[in-house]
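So this block is run.csv, CSV, C-alpha atoms and all ligand atoms:
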```
chain,number,residue,atom,x,y,z
A,1,MET,CA,34.9,35.1,166.7
A,2,LEU,CA,31.8,35.1,164.5
A,3,LEU,CA,30.6,32.1,166.4
A,4,THR,CA,31.0,34.0,169.6
A,5,PHE,CA,29.2,37.0,168.2
A,6,TYR,CA,26.5,34.8,166.9
A,7,ARG,CA,26.2,33.2,170.3
A,8,PHE,CA,26.1,36.6,171.9
A,9,ILE,CA,23.3,37.8,169.5
A,10,ASN,CA,21.5,34.6,170.0
A,11,ASN,CA,21.8,34.9,173.8
A,12,LYS,CA,20.7,38.5,173.6
A,13,SER,CA,17.7,37.6,171.5
A,14,VAL,CA,17.0,34.9,174.1
A,15,PHE,CA,17.4,37.5,176.7
A,16,ALA,CA,15.1,39.9,174.7
A,17,GLY,CA,12.7,37.1,174.2
A,18,MET,CA,12.7,36.5,177.9
A,19,MET,CA,12.2,40.2,178.5
A,20,ALA,CA,9.3,40.1,176.0
A,21,GLN,CA,7.8,37.1,177.8
A,22,SER,CA,8.2,38.8,181.2
A,23,LYS,CA,6.6,41.9,179.8
A,24,ILE,CA,3.6,39.9,178.6
A,25,ALA,CA,3.5,38.2,181.9
A,26,ILE,CA,3.5,41.6,183.7
A,27,ILE,CA,0.9,43.0,181.3
A,28,ALA,CA,-1.2,39.9,182.0
A,29,ILE,CA,-0.9,40.3,185.7
A,30,ILE,CA,-1.6,44.1,185.7
A,31,ILE,CA,-4.3,44.3,183.1
A,32,ILE,CA,-5.6,41.1,181.7
A,33,ILE,CA,-6.1,39.1,184.9
A,34,PRO,CA,-8.0,41.8,186.7
A,35,LEU,CA,-10.0,42.5,183.6
A,36,VAL,CA,-10.9,38.9,183.2
A,37,SER,CA,-11.8,38.7,186.9
A,38,VAL,CA,-14.0,41.8,186.5
A,39,ILE,CA,-15.8,40.2,183.5
A,40,LEU,CA,-16.1,36.9,185.4
A,41,TRP,CA,-17.3,38.7,188.5
A,42,SER,CA,-19.8,40.8,186.7
A,43,ASN,CA,-21.1,37.7,184.9
A,44,GLU,CA,-21.3,36.0,188.3
A,45,SER,CA,-23.2,38.9,189.9
A,46,THR,CA,-25.6,39.1,187.0
A,47,LYS,CA,-26.2,35.4,187.3
A,48,ASN,CA,-26.9,35.8,191.0
A,49,LEU,CA,-29.2,38.7,190.4
A,50,GLU,CA,-31.0,36.7,187.7
A,51,THR,CA,-31.4,33.6,189.9
A,52,SER,CA,-32.5,35.6,192.9
A,53,GLU,CA,-35.1,37.4,190.8
A,54,ASP,CA,-36.4,34.1,189.4
A,55,GLU,CA,-36.2,32.4,192.8
A,56,LEU,CA,-39.1,32.5,195.1
A,57,GLN,CA,-38.5,34.8,198.1
A,58,VAL,CA,-39.7,32.7,201.0
A,59,TYR,CA,-39.3,33.7,204.6
A,60,VAL,CA,-40.1,31.8,207.8
A,61,SER,CA,-40.6,33.4,211.2
A,62,PHE,CA,-38.3,31.1,213.1
A,63,TYR,CA,-36.0,28.1,212.9
A,64,PRO,CA,-38.3,24.9,213.0
A,65,LEU,CA,-40.3,26.3,210.1
A,66,TYR,CA,-37.0,26.7,208.2
A,67,GLU,CA,-36.3,22.9,208.2
A,68,THR,CA,-39.9,22.0,207.1
A,69,THR,CA,-40.2,24.7,204.4
A,70,GLN,CA,-36.7,24.1,203.0
A,71,ALA,CA,-37.4,20.3,202.8
A,72,VAL,CA,-40.6,21.0,200.8
A,73,ILE,CA,-38.9,23.6,198.5
A,74,GLY,CA,-35.8,21.5,198.0
A,75,GLN,CA,-33.3,23.1,195.5
A,76,LYS,CA,-35.8,25.5,194.1
A,77,ALA,CA,-35.0,28.4,196.5
A,78,ASP,CA,-33.2,29.3,199.7
A,79,VAL,CA,-35.6,29.8,202.6
A,80,LYS,CA,-34.6,32.7,204.9
A,81,ILE,CA,-35.3,32.8,208.7
A,82,LEU,CA,-36.5,36.1,210.1
A,83,THR,CA,-35.5,35.5,213.7
A,84,PRO,CA,-31.7,35.8,214.1
A,85,THR,CA,-29.9,32.8,215.6
A,86,ASN,CA,-29.1,34.5,218.9
A,87,VAL,CA,-32.6,35.8,219.5
A,88,ASP,CA,-35.3,33.8,221.4
A,89,PRO,CA,-38.2,33.6,218.9
A,90,HIS,CA,-40.6,34.3,221.7
A,91,ASP,CA,-39.0,37.8,221.8
A,92,PHE,CA,-38.4,38.5,218.2
A,93,ASP,CA,-39.3,42.0,216.9
A,94,PRO,CA,-38.3,42.7,213.3
A,95,SER,CA,-36.1,45.8,212.5
A,96,VAL,CA,-37.2,48.4,210.0
A,97,LYS,CA,-34.8,46.9,207.5
A,98,VAL,CA,-36.2,43.4,207.9
A,99,ILE,CA,-39.8,44.8,207.6
A,100,GLN,CA,-38.8,46.4,204.3
A,101,GLU,CA,-37.3,43.1,203.1
A,102,MET,CA,-40.5,41.2,204.1
A,103,LYS,CA,-42.6,43.6,201.9
A,104,THR,CA,-41.0,42.1,198.8
A,105,ALA,CA,-41.4,38.4,199.9
A,106,ASP,CA,-43.5,36.0,197.8
A,107,LEU,CA,-44.4,34.2,201.0
A,108,ILE,CA,-43.9,34.6,204.7
A,109,ILE,CA,-44.6,31.5,206.7
A,110,LEU,CA,-45.7,31.8,210.4
A,111,ASN,CA,-46.1,29.4,213.2
A,112,GLY,CA,-49.4,30.9,214.2
A,113,GLY,CA,-51.4,30.9,217.5
A,114,GLY,CA,-50.2,34.4,218.2
A,115,PHE,CA,-46.5,33.4,218.4
A,116,GLU,CA,-45.6,36.1,215.9
A,117,SER,CA,-47.4,38.9,217.8
A,118,TRP,CA,-45.3,41.5,215.8
A,119,ILE,CA,-47.2,40.7,212.6
A,120,SER,CA,-50.4,42.2,213.9
A,121,ASN,CA,-49.1,45.8,213.4
A,122,MET,CA,-48.0,45.1,209.9
A,123,GLU,CA,-49.8,45.2,206.6
A,124,PHE,CA,-49.1,42.7,203.9
A,125,GLU,CA,-50.6,41.9,200.5
A,126,SER,CA,-53.2,39.1,200.5
A,127,GLY,CA,-51.5,35.8,199.9
A,128,GLN,CA,-48.2,36.9,201.2
A,129,LEU,CA,-48.7,35.4,204.6
A,130,LEU,CA,-49.3,31.8,205.5
A,131,ASP,CA,-50.3,30.6,208.9
A,132,SER,CA,-48.8,27.1,209.0
A,133,SER,CA,-51.1,26.1,211.9
A,134,ASN,CA,-54.3,26.2,209.9
A,135,GLY,CA,-56.3,23.2,211.1
A,136,ILE,CA,-54.5,22.8,214.4
A,137,SER,CA,-56.3,23.7,217.7
A,138,PHE,CA,-54.0,25.4,220.1
A,139,LEU,CA,-53.9,24.7,223.8
A,140,LYS,CA,-54.3,27.6,226.2
A,141,THR,CA,-51.7,28.4,228.7
A,142,GLU,CA,-51.1,31.0,231.4
A,143,SER,CA,-48.2,33.2,230.5
A,144,VAL,CA,-46.6,34.5,233.7
A,145,ASP,CA,-43.7,36.7,233.2
A,146,HIS,CA,-41.5,38.1,236.0
A,147,HIS,CA,-39.3,40.8,234.8
A,148,GLU,CA,-37.8,44.1,235.8
A,149,ILE,CA,-39.4,47.1,234.2
A,150,PRO,CA,-37.0,49.5,232.7
A,151,GLU,CA,-37.7,53.2,233.7
A,152,GLU,CA,-39.0,54.3,230.4
A,153,GLU,CA,-41.6,51.5,230.2
A,154,HIS,CA,-43.3,52.5,233.4
A,155,GLU,CA,-45.8,54.7,231.5
A,156,GLU,CA,-46.9,51.8,229.3
A,157,HIS,CA,-47.9,49.8,232.4
A,158,GLU,CA,-50.2,52.4,233.9
A,159,GLU,CA,-53.0,49.8,234.2
A,160,HIS,CA,-50.9,48.0,236.9
A,161,GLU,CA,-50.6,51.0,239.1
A,162,GLU,CA,-50.4,48.9,242.2
A,163,HIS,CA,-47.1,47.5,241.0
A,164,GLU,CA,-45.5,50.9,240.4
A,165,GLU,CA,-43.6,50.8,243.6
A,166,ASN,CA,-42.2,47.3,242.8
A,167,GLU,CA,-39.1,46.7,240.8
A,168,GLU,CA,-40.3,43.3,239.7
A,169,HIS,CA,-43.4,43.2,237.6
A,170,GLU,CA,-45.6,40.1,237.1
A,171,GLU,CA,-47.8,39.7,234.1
A,172,HIS,CA,-50.5,37.1,233.9
A,173,GLU,CA,-52.1,36.4,230.6
A,174,VAL,CA,-53.9,33.5,229.0
A,175,VAL,CA,-52.3,32.9,225.6
A,176,SER,CA,-52.2,30.1,223.0
A,177,ASP,CA,-49.4,27.6,223.6
A,178,PRO,CA,-47.2,28.0,220.5
A,179,HIS,CA,-45.0,24.8,220.8
A,180,ILE,CA,-46.8,22.8,218.1
A,181,TRP,CA,-43.6,21.9,216.3
A,182,LEU,CA,-42.6,19.5,219.1
A,183,ASN,CA,-45.3,17.1,218.1
A,184,PRO,CA,-44.4,15.5,214.7
A,185,ASN,CA,-48.0,14.8,214.0
A,186,LEU,CA,-48.8,18.5,214.1
A,187,VAL,CA,-45.7,19.2,211.9
A,188,LYS,CA,-47.4,17.0,209.3
A,189,ILE,CA,-50.3,19.4,209.2
A,190,GLN,CA,-47.9,22.3,208.9
A,191,VAL,CA,-46.1,20.6,206.0
A,192,LYS,CA,-49.5,20.1,204.2
A,193,ASN,CA,-50.3,23.8,204.6
A,194,ILE,CA,-46.9,24.8,203.3
A,195,VAL,CA,-47.0,22.5,200.2
A,196,GLU,CA,-50.5,23.5,199.4
A,197,ARG,CA,-49.6,27.2,199.3
A,198,LEU,CA,-46.3,26.8,197.5
A,199,SER,CA,-48.0,24.8,194.8
A,200,LYS,CA,-50.5,27.6,194.4
A,201,ILE,CA,-47.9,30.4,194.0
A,202,ASP,CA,-45.5,28.3,191.9
A,203,PRO,CA,-47.6,25.7,190.1
A,204,GLU,CA,-44.7,24.9,187.7
A,205,ASN,CA,-42.8,23.2,190.5
A,206,SER,CA,-45.9,21.8,192.3
A,207,LYS,CA,-44.9,18.2,191.4
A,208,SER,CA,-41.5,18.5,193.0
A,209,TYR,CA,-43.0,20.3,196.1
A,210,ASN,CA,-45.5,17.5,196.6
A,211,GLU,CA,-42.9,14.8,196.2
A,212,ASN,CA,-40.7,16.5,198.8
A,213,ALA,CA,-43.6,17.0,201.2
A,214,SER,CA,-44.6,13.3,200.9
A,215,GLN,CA,-41.0,12.2,201.8
A,216,TYR,CA,-40.9,14.6,204.7
A,217,ILE,CA,-44.2,13.4,206.0
A,218,GLU,CA,-43.0,9.8,205.8
A,219,LYS,CA,-39.9,10.8,207.9
A,220,LEU,CA,-42.2,12.5,210.5
A,221,GLU,CA,-44.4,9.3,210.6
A,222,LEU,CA,-41.3,7.2,211.2
A,223,LEU,CA,-40.1,9.6,214.0
A,224,ASP,CA,-43.5,9.4,215.6
A,225,LEU,CA,-43.3,5.6,215.7
A,226,GLN,CA,-39.7,5.7,217.1
A,227,ILE,CA,-40.7,8.1,219.9
A,228,ARG,CA,-43.8,5.9,220.7
A,229,GLU,CA,-41.6,2.8,220.7
A,230,GLU,CA,-38.9,4.4,222.8
A,231,LEU,CA,-41.3,5.6,225.6
A,232,SER,CA,-43.8,2.7,225.5
A,233,SER,CA,-42.0,0.6,228.1
A,234,CYS,CA,-41.6,3.3,230.7
A,235,SER,CA,-43.9,3.1,233.7
A,236,LYS,CA,-43.3,6.7,234.9
A,237,LYS,CA,-45.2,9.4,233.0
A,238,ASP,CA,-44.4,12.6,234.9
A,239,PHE,CA,-41.3,14.7,234.1
A,240,ILE,CA,-40.1,18.1,235.1
A,241,THR,CA,-38.8,20.4,232.4
A,242,TYR,CA,-37.8,24.1,232.3
A,243,HIS,CA,-40.7,25.8,230.5
A,244,ASN,CA,-43.9,24.5,229.0
A,245,ALA,CA,-42.5,23.6,225.5
A,246,PHE,CA,-43.7,20.0,225.7
A,247,SER,CA,-47.5,20.2,226.2
A,248,TYR,CA,-48.3,19.0,222.6
A,249,PHE,CA,-45.6,16.3,222.8
A,250,SER,CA,-46.9,15.1,226.2
A,251,ASN,CA,-50.5,14.9,225.0
A,252,GLU,CA,-49.3,12.9,222.0
A,253,TYR,CA,-47.3,10.4,223.9
A,254,GLY,CA,-49.3,10.1,227.1
A,255,LEU,CA,-46.9,12.0,229.4
A,256,THR,CA,-47.4,14.7,232.1
A,257,GLN,CA,-45.2,17.8,231.9
A,258,HIS,CA,-44.4,19.8,235.0
A,259,VAL,CA,-42.6,23.1,234.6
A,260,ILE,CA,-40.0,24.9,236.7
A,261,THR,CA,-41.0,28.3,235.3
A,262,LYS,CA,-44.5,29.3,234.4
A,263,GLY,CA,-45.0,31.0,231.1
A,264,VAL,CA,-44.2,30.5,227.5
A,265,HIS,CA,-40.8,32.1,227.6
A,266,ASP,CA,-37.9,29.8,228.1
A,267,HIS,CA,-35.9,32.6,229.7
A,268,SER,CA,-38.5,33.7,232.3
A,269,GLN,CA,-37.1,33.2,235.8
A,270,PRO,CA,-38.9,31.0,238.3
A,271,THR,CA,-39.7,32.5,241.7
A,272,ALA,CA,-38.2,31.0,244.9
A,273,LYS,CA,-41.8,29.8,245.8
A,274,SER,CA,-42.2,28.0,242.5
A,275,ILE,CA,-38.8,26.3,242.9
A,276,GLU,CA,-39.9,25.1,246.4
A,277,GLY,CA,-43.1,23.8,244.9
A,278,ILE,CA,-41.2,21.8,242.2
A,279,ILE,CA,-38.9,20.3,244.8
A,280,ASP,CA,-41.9,19.1,246.8
A,281,LEU,CA,-43.5,17.7,243.7
A,282,ALA,CA,-40.3,15.9,242.6
A,283,LYS,CA,-40.0,14.2,246.0
A,284,LYS,CA,-43.7,13.2,245.9
A,285,LEU,CA,-43.4,11.7,242.3
A,286,ASP,CA,-40.0,10.1,243.0
A,287,ILE,CA,-38.4,11.9,240.1
A,288,LYS,CA,-34.8,11.2,239.4
A,289,VAL,CA,-34.1,13.6,236.5
A,290,ILE,CA,-34.6,17.3,236.3
A,291,PHE,CA,-34.5,18.6,232.8
A,292,THR,CA,-32.8,21.8,231.5
A,293,GLU,CA,-32.9,23.2,228.0
A,294,ASP,CA,-30.2,23.8,225.5
A,295,THR,CA,-30.9,27.5,225.7
A,296,SER,CA,-31.8,28.0,229.4
A,297,ASP,CA,-29.8,28.5,232.5
A,298,ILE,CA,-28.7,25.0,233.7
A,299,ARG,CA,-28.1,26.3,237.3
A,300,ILE,CA,-31.8,26.5,238.1
A,301,SER,CA,-32.4,22.8,237.2
A,302,GLN,CA,-29.1,21.9,239.0
A,303,VAL,CA,-30.2,23.5,242.2
A,304,ILE,CA,-33.5,21.5,242.2
A,305,ALA,CA,-31.7,18.3,241.2
A,306,ASP,CA,-29.1,18.7,244.0
A,307,GLU,CA,-31.8,19.2,246.5
A,308,ILE,CA,-33.5,15.8,245.7
A,309,GLY,CA,-30.3,13.9,244.5
A,310,ALA,CA,-31.4,13.8,240.9
A,311,ASP,CA,-29.5,14.1,237.6
A,312,VAL,CA,-29.8,17.0,235.1
A,313,LEU,CA,-30.5,16.1,231.5
A,314,THR,CA,-31.4,18.3,228.5
A,315,LEU,CA,-34.6,18.5,226.6
A,316,SER,CA,-34.4,20.8,223.6
A,317,PRO,CA,-37.4,22.9,222.6
A,318,ILE,CA,-35.8,23.1,219.1
A,319,ALA,CA,-36.7,26.7,218.8
A,320,THR,CA,-33.3,27.8,217.4
A,321,GLN,CA,-30.7,26.2,215.2
A,322,ASP,CA,-28.5,23.5,216.9
A,323,LYS,CA,-24.9,24.6,217.7
A,324,GLU,CA,-23.7,21.3,216.2
A,325,ASN,CA,-26.1,21.5,213.3
A,326,LYS,CA,-28.2,18.5,214.3
A,327,ASN,CA,-31.5,18.5,212.5
A,328,TYR,CA,-35.0,18.3,213.9
A,329,PHE,CA,-35.2,14.5,213.7
A,330,GLU,CA,-31.9,14.0,215.5
A,331,ARG,CA,-32.8,16.4,218.2
A,332,MET,CA,-36.3,14.9,218.7
A,333,GLN,CA,-34.7,11.4,219.0
A,334,GLU,CA,-32.2,12.8,221.6
A,335,ASN,CA,-35.2,14.2,223.5
A,336,ALA,CA,-36.9,10.9,223.4
A,337,SER,CA,-33.8,9.1,224.7
A,338,SER,CA,-33.4,11.5,227.5
A,339,LEU,CA,-37.0,11.1,228.4
A,340,LYS,CA,-36.6,7.4,228.4
A,341,GLU,CA,-33.7,7.7,230.8
A,342,ALA,CA,-35.9,9.8,233.1
A,343,LEU,CA,-39.1,7.7,232.8
A,344,CYS,CA,-37.8,4.1,232.6
A,345,ASN,CA,-35.6,4.3,235.7
A,401,ZN,ZN,-41.0,28.2,224.2
```

What is this structure when it is put down as structure tokens?
Amino acid sequence: MLLTFYRFINNKSVFAGMMAQSKIAIIAIIIIIPLVSVILWSNESTKNLETSEDELQVYVSFYPLYETTQAVIGQKADVKILTPTNVDPHDFDPSVKVIQEMKTADLIILNGGGFESWISNMEFESGQLLDSSNGISFLKTESVDHHEIPEEEHEEHEEHEEHEENEEHEEHEVVSDPHIWLNPNLVKIQVKNIVERLSKIDPENSKSYNENASQYIEKLELLDLQIREELSSCSKKDFITYHNAFSYFSNEYGLTQHVITKGVHDHSQPTAKSIEGIIDLAKKLDIKVIFTEDTSDIRISQVIADEIGADVLTLSPIATQDKENKNYFERMQENASSLKEALCN
């Protein structure tokens, strides 16, 4: 009997003990765990704040500059791109929020040559902006844009009164050709400008920036050799691409670029007349490949290719981030292989 009672008491205390343990567990769940998380979270957020305060705030206007600048900065900071992924950098116009953000930047790196036309209306502190094209001479190109004018913009185009009746508006303008990033030898100059400025604003990390820059320049030199090698055996020199992204590339590697659409915008539409002209030219030059771009409408290149029995291949202007996350070097090599296929056959 005593033994049974003892067992009962004992069991009860085990039960009570279990109860106590569960209570502790419940308290832990309700109070302690969230409390610890709050403490951890607040530590984490202070840490983030601290690092982002210490970290250089570096912005680049569009994608290709991101790869070069991030390569030079390495782990020291995260470079931010101003042009959103889904926006053609030719058309970028920063929002008020982005402009506010830019005001606090340590450095904003531009392509130059008038590519970032939005910058001309903005004021920055001296030293906040870097034109990465310093030392590069830009080619001139005619920018021809065919576009429909929305009603509210009619007033802004008063100087073209003769077009007021037309739905389609054509703008001719001589501008600098901005596509310097498609020539690795010009990118080398951009890297030099970037490392020079970074070393000036953050001398403590200058050694690391210079080492990273030298490595990147070596990679660019290797890429240049690979492209030269790839294209050297091709007897054809003329190719037809969508828009004039490859002028600097063509000059560097002895090629002749012909374009389907006139103008610096990869989305500007060709006229029926310019498509006819390109078909005639392709026949005359015995061209077997018509290029499209990764961001342009393939159907236009396809129509031309069908007309002359040619294939359609892609040349990337590398103006935005790759959907499969391929880097500049991989995309340039793909461009070179596609050109080889077009020019060596
Ligand atoms: Zn372009």

One-decimal distance in Å that lies between CA of Ala305 in chain A and CA of Ile279 in chain A: 8.3 Å

How far is it from CA of Met332 in chain A to CA of Phe249 in chain A, in Å with one decimal?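 Calculated distance between CA of Met332 in chain A and CA of Phe249 in chain A is 10.3 Å.
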
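Using only C-alpha atoms, the contacts of Leu182 in chain A at a cut-off of 10 Å, with sequence neighbours closer than 5 positions omitted, comprise Pro64, Val187, Ala245, Phe246, Ser247, Tyr248, Phe249, Ser250, Glu252, Ser316, Pro317, Ile318, Ala319, Tyr328 and Met332 of chain A.
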
Neighbours of point (-44.4, 25.9, 198.2) within 10 Å, using all atoms listed in the file, written as a JSON list (two decimals) with C-alpha atoms, in the coordinates of the input:
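Below you can see point.json, which holds the result:
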```
[["chain", "number", "residue", "atom", "x", "y", "z"],
["A", 56, "LEU", "CA", -39.10, 32.50, 195.10],
["A", 58, "VAL", "CA", -39.70, 32.70, 201.00],
["A", 69, "THR", "CA", -40.20, 24.70, 204.40],
["A", 70, "GLN", "CA", -36.70, 24.10, 203.00],
["A", 72, "VAL", "CA", -40.60, 21.00, 200.80],
["A", 73, "ILE", "CA", -38.90, 23.60, 198.50],
["A", 74, "GLY", "CA", -35.80, 21.50, 198.00],
["A", 76, "LYS", "CA", -35.80, 25.50, 194.10],
["A", 77, "ALA", "CA", -35.00, 28.40, 196.50],
["A", 107, "LEU", "CA", -44.40, 34.20, 201.00],
["A", 191, "VAL", "CA", -46.10, 20.60, 206.00],
["A", 192, "LYS", "CA", -49.50, 20.10, 204.20],
["A", 193, "ASN", "CA", -50.30, 23.80, 204.60],
["A", 194, "ILE", "CA", -46.90, 24.80, 203.30],
["A", 195, "VAL", "CA", -47.00, 22.50, 200.20],
["A", 196, "GLU", "CA", -50.50, 23.50, 199.40],
["A", 197, "ARG", "CA", -49.60, 27.20, 199.30],
["A", 198, "LEU", "CA", -46.30, 26.80, 197.50],
["A", 199, "SER", "CA", -48.00, 24.80, 194.80],
["A", 200, "LYS", "CA", -50.50, 27.60, 194.40],
["A", 201, "ILE", "CA", -47.90, 30.40, 194.00],
["A", 202, "ASP", "CA", -45.50, 28.30, 191.90],
["A", 203, "PRO", "CA", -47.60, 25.70, 190.10],
["A", 205, "ASN", "CA", -42.80, 23.20, 190.50],
["A", 206, "SER", "CA", -45.90, 21.80, 192.30],
["A", 208, "SER", "CA", -41.50, 18.50, 193.00],
["A", 209, "TYR", "CA", -43.00, 20.30, 196.10],
["A", 210, "ASN", "CA", -45.50, 17.50, 196.60],
["A", 213, "ALA", "CA", -43.60, 17.00, 201.20]]
```

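Comparing A:Asp224, A:Asp93, A:Glu142, A:Glu324 by their smallest distance to Ile119 in chain A, the closest is A:Asp93 (using all atoms listed in the file).
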
Quick one: pull the distance between CA of Val174 in chain A and CA of His243 in chain A, Å, one decimal.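 Distance reported for this atom pair: 15.4 Å.
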
Selection: 8 Å around Gln226 in chain A, all atoms listed in the file, excl. self and same-chain fewer than 4 positions, as a ChimeraX atom specification: /A:222,230,333

Have a look at A:Leu82, A:Leu339, A:Met102, A:Ile217 and name the one nearest to Thr68 in chain A; count all atoms listed in the file.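 With all atoms listed in the file as the atom set, the closest residue is A:Ile217.
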
Would you mind listing what lies within 9 Å of Asn345 in chain A as a PyMOL selection string, with only C-alpha atoms counted and same-chain residues fewer than 5 positions away left out? chain A and resi 234-236+288+340

Given all atoms listed in the file as the counted atoms, nearest of A:Ser233, A:Asn212, A:Thr141, A:Asn335 to ligand ZN 401 (chain A):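 Among the listed residues, A:Thr141 lies closest to ligand ZN 401 (chain A).
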
For a quick check of understanding, using only C-alpha atoms and all ligand atoms, which of A:Ile108, A:Ile99, A:Leu315, A:Ala282 has the smallest distance to ligand ZN 401 (chain A)? A:Leu315
